[in-house]
Amino acid sequence: MLHCVLLAISVSIDALSLGVTYGIKQSRIRGISNVIIFVIALLSTSISIFLGRNIAKLFSQDVALALGSSLLIILGLYTIYKSFKETSTDYDLDNSNSIEKKEALLLALAVSADASCVGLSCGIIGLDSFIYPILAAFFHICFINCGNFIAYNVAKKIKISNKLLSIISGLILISIGIIRLLIE
């Protein structure tokens with residue numbers, strides 16, 4: 001259970017960064033947009049776990065564990081690498097200062113990509129296939145809205161380093177991958 005919580009938090013940190021970005025720009029994420037983000041995150045992680053479970057059936061338990069854990073470590077390294085290269089993407093396509101339905105769909109797909117990759121690894125490793133997608137979707141919504149609220153209201157007083165948040169996220173993924181390799 002703790003692994004699922006840590007993984008869900010880790011993959012949701014990008015959502016926090018995006019929420020902060022939109023808050024600084026005085027853009028809001030409301031109602032139906034939150035529902036769209038939640039549903040996309042839930043579906044994409046659930047499907048990726050299902051695929052991971054089926055991939056795991058092709059290998060012995062030891063090979064599946066090594067493969068899934070390695071994917072987590074690689075995703076963690078990529079997350080850290082990406083933090084040094086990434087530029088902010090603006091999904092407020094109509095510059096309305098509000099994330100509308102179509103924009104929420106694009107935003108949801110973007111923030112769910114990491115969660116889906118981790119979901120694939122979770123399925124291969126055999127982590128709980130019910131709890132992780134719900135937690136990932138929940139934390140995506142919480143982090144986007146918390147980041148948006150904080151930045152919208154106090155952007156000029158507090159500086160949050162997106163690079164630092166991404167590095168922490170990558171380190172969490174790497175740690176869980178290594179722990180799974182060593183403990184199982």
# chains A, B, ... in the order shown; residues from 1 in each chain; ligands from 1
call {"tool": "residues_around", "arguments": {"residues": "A:Ala15", "least_positions_apart": "4", "cutoff": "7 Å", "atoms": "only C-alpha atoms", "output": "list in words"}}
result
Gly19, Val111, His140, Phe143 and Ile144 of chain A
call {"tool": "select_by_dssp", "arguments": {"residues": "chain A", "states": "strand (DSSP E)", "output": "PyMOL selection string"}}
result
chain A and resi 28-29+98-99
call {"tool": "write_last_selection", "arguments": {"atoms": "N, CA and C atoms", "output": "short mmCIF file (atom, residue, chain, number, x, y, z; two decimals), in the first residue's frame"}}
result
data_model
loop_
_atom_site.label_atom_id
_atom_site.label_comp_id
_atom_site.auth_asym_id
_atom_site.auth_seq_id
_atom_site.Cartn_x
_atom_site.Cartn_y
_atom_site.Cartn_z
N ARG A 28 -7.38 29.37 -14.32
CA ARG A 28 -8.09 28.52 -13.38
C ARG A 28 -8.45 27.18 -14.02
N ILE A 29 -8.50 26.15 -13.17
CA ILE A 29 -8.92 24.82 -13.60
C ILE A 29 -10.15 24.49 -12.77
N SER A 98 -8.68 30.07 -18.34
CA SER A 98 -9.48 28.99 -17.78
C SER A 98 -9.24 27.75 -18.64
N ILE A 99 -9.00 26.62 -18.00
CA ILE A 99 -8.78 25.38 -18.74
C ILE A 99 -10.15 24.78 -19.06
#
call {"tool": "closest_residue", "arguments": {"among": "A:Val35, A:Ala108, A:Cys122, A:Ile24", "to": "A:Leu173", "atoms": "only C-alpha atoms"}}
result
A:Cys122
call {"tool": "residues_around", "arguments": {"residues": "A:Leu182", "least_positions_apart": "4", "cutoff": "10 Å", "atoms": "only C-alpha atoms", "output": "PyMOL selection string"}}
result
chain A and resi 66+69+176-178
call {"tool": "write_last_selection", "arguments": {"atoms": "C-alpha atoms", "output": "CSV table (one decimal), in the first residue's frame"}}
result
chain,number,residue,atom,x,y,z
A,66,ALA,CA,13.3,-7.4,-12.6
A,69,SER,CA,11.6,-2.7,-11.3
A,176,ILE,CA,10.9,2.1,-5.2
A,177,GLY,CA,12.4,0.2,-8.2
A,178,ILE,CA,15.5,-0.6,-6.2
call {"tool": "atom_distance", "arguments": {"atom1": "atom CA of A:Tyr78", "atom2": "atom CA of A:Leu93"}}
result
27.3 Å
call {"tool": "residues_around", "arguments": {"residues": "A:Ser121", "least_positions_apart": "4", "cutoff": "7 Å", "atoms": "only C-alpha atoms", "output": "PyMOL selection string"}}
result
chain A and resi 52+68-69+71-72+117+125
call {"tool": "select_by_dssp", "arguments": {"residues": "stretch 40-182 of chain A", "states": "alpha helix (DSSP H)", "output": "PyMOL selection string"}}
result
chain A and resi 40-56+61-85+101-125+131-154+162-182
call {"tool": "residues_around", "arguments": {"residues": "A:Ile32", "least_positions_apart": "5", "cutoff": "12 Å", "atoms": "only C-alpha atoms", "output": "ChimeraX atom specification"}}
result
/A:37-39,98-105,141
call {"tool": "write_last_selection", "arguments": {"atoms": "N, CA and C atoms", "output": "PDB file, in the first residue's frame"}}
result
ATOM      1  N   ILE A  37      -9.739  15.286 -16.132  1.00  0.00           N
ATOM      2  CA  ILE A  37      -8.381  14.907 -15.719  1.00  0.00           C
ATOM      3  C   ILE A  37      -8.423  13.654 -14.851  1.00  0.00           C
ATOM      4  N   PHE A  38      -9.354  13.582 -13.905  1.00  0.00           N
ATOM      5  CA  PHE A  38      -9.476  12.418 -13.026  1.00  0.00           C
ATOM      6  C   PHE A  38      -9.772  11.156 -13.835  1.00  0.00           C
ATOM      7  N   VAL A  39     -10.747  11.234 -14.721  1.00  0.00           N
ATOM      8  CA  VAL A  39     -11.172  10.060 -15.494  1.00  0.00           C
ATOM      9  C   VAL A  39     -10.046   9.580 -16.416  1.00  0.00           C
ATOM     10  N   SER A  98      -8.678  30.074 -18.340  1.00  0.00           N
ATOM     11  CA  SER A  98      -9.476  28.989 -17.776  1.00  0.00           C
ATOM     12  C   SER A  98      -9.241  27.750 -18.637  1.00  0.00           C
ATOM     13  N   ILE A  99      -8.997  26.624 -18.001  1.00  0.00           N
ATOM     14  CA  ILE A  99      -8.785  25.381 -18.741  1.00  0.00           C
ATOM     15  C   ILE A  99     -10.154  24.779 -19.058  1.00  0.00           C
ATOM     16  N   GLU A 100     -10.514  24.802 -20.326  1.00  0.00           N
ATOM     17  CA  GLU A 100     -11.814  24.305 -20.786  1.00  0.00           C
ATOM     18  C   GLU A 100     -11.737  22.804 -21.064  1.00  0.00           C
ATOM     19  N   LYS A 101     -12.855  22.200 -21.502  1.00  0.00           N
ATOM     20  CA  LYS A 101     -12.940  20.741 -21.686  1.00  0.00           C
ATOM     21  C   LYS A 101     -11.872  20.184 -22.629  1.00  0.00           C
ATOM     22  N   LYS A 102     -11.740  20.753 -23.817  1.00  0.00           N
ATOM     23  CA  LYS A 102     -10.762  20.250 -24.785  1.00  0.00           C
ATOM     24  C   LYS A 102      -9.336  20.414 -24.262  1.00  0.00           C
ATOM     25  N   GLU A 103      -9.092  21.528 -23.614  1.00  0.00           N
ATOM     26  CA  GLU A 103      -7.769  21.782 -23.055  1.00  0.00           C
ATOM     27  C   GLU A 103      -7.484  20.831 -21.888  1.00  0.00           C
ATOM     28  N   ALA A 104      -8.526  20.529 -21.119  1.00  0.00           N
ATOM     29  CA  ALA A 104      -8.382  19.593 -19.995  1.00  0.00           C
ATOM     30  C   ALA A 104      -8.037  18.199 -20.503  1.00  0.00           C
ATOM     31  N   LEU A 105      -8.585  17.821 -21.641  1.00  0.00           N
ATOM     32  CA  LEU A 105      -8.277  16.521 -22.229  1.00  0.00           C
ATOM     33  C   LEU A 105      -6.790  16.437 -22.579  1.00  0.00           C
ATOM     34  N   ILE A 141      -5.461  15.341  -9.399  1.00  0.00           N
ATOM     35  CA  ILE A 141      -6.431  16.418  -9.178  1.00  0.00           C
ATOM     36  C   ILE A 141      -6.011  17.292  -8.003  1.00  0.00           C
TER      37      ILE A 141
END
call {"tool": "closest_residue", "arguments": {"among": "A:Tyr22, A:Tyr132, A:Phe59, A:Phe84", "to": "A:Cys146", "atoms": "only C-alpha atoms"}}
result
A:Tyr22
call {"tool": "residues_around", "arguments": {"residues": "A:Ser48", "least_positions_apart": "6", "cutoff": "6 Å", "atoms": "only C-alpha atoms", "output": "PyMOL selection string"}}
result
chain A and resi 116+119-120
call {"tool": "write_last_selection", "arguments": {"atoms": "C-alpha atoms", "output": "compact mmCIF listing (two decimals), in the first residue's frame"}}
result
# COMPACT_ATOMS: atom_id res chain seq x y z
CA SER A 116 0.64 5.10 -17.26
CA GLY A 119 1.15 1.58 -14.09
CA LEU A 120 2.70 -0.73 -16.68
call {"tool": "atom_distance", "arguments": {"atom1": "atom CA of A:Ile172", "atom2": "atom CA of A:Asn148"}}
result
23.3 Å
call {"tool": "atom_distance", "arguments": {"atom1": "atom CA of A:Asp62", "atom2": "atom CA of A:Ser46"}}
result
23.0 Å
call {"tool": "closest_residue", "arguments": {"among": "A:Arg30, A:Asp94, A:Leu75, A:Gly123", "to": "A:Gly170", "atoms": "only C-alpha atoms"}}
result
A:Leu75
call {"tool": "residues_around", "arguments": {"residues": "A:Gln26", "least_positions_apart": "3", "cutoff": "7 Å", "atoms": "only C-alpha atoms", "output": "list of chain:residue names"}}
result
A:Tyr22, A:Gly23, A:Asn97, A:Tyr152
call {"tool": "write_last_selection", "arguments": {"atoms": "C-alpha atoms", "output": "compact mmCIF listing (two decimals), in the first residue's frame"}}
result
# COMPACT_ATOMS: atom_id res chain seq x y z
CA TYR A 22 -1.34 28.07 -14.49
CA GLY A 23 -1.76 29.81 -11.15
CA ASN A 97 -7.27 32.03 -18.33
CA TYR A 152 -2.83 31.99 -8.03
call {"tool": "closest_residue", "arguments": {"among": "A:Ile40, A:Leu6, A:Leu18, A:Leu127", "to": "A:Ala151", "atoms": "only C-alpha atoms"}}
result
A:Leu18
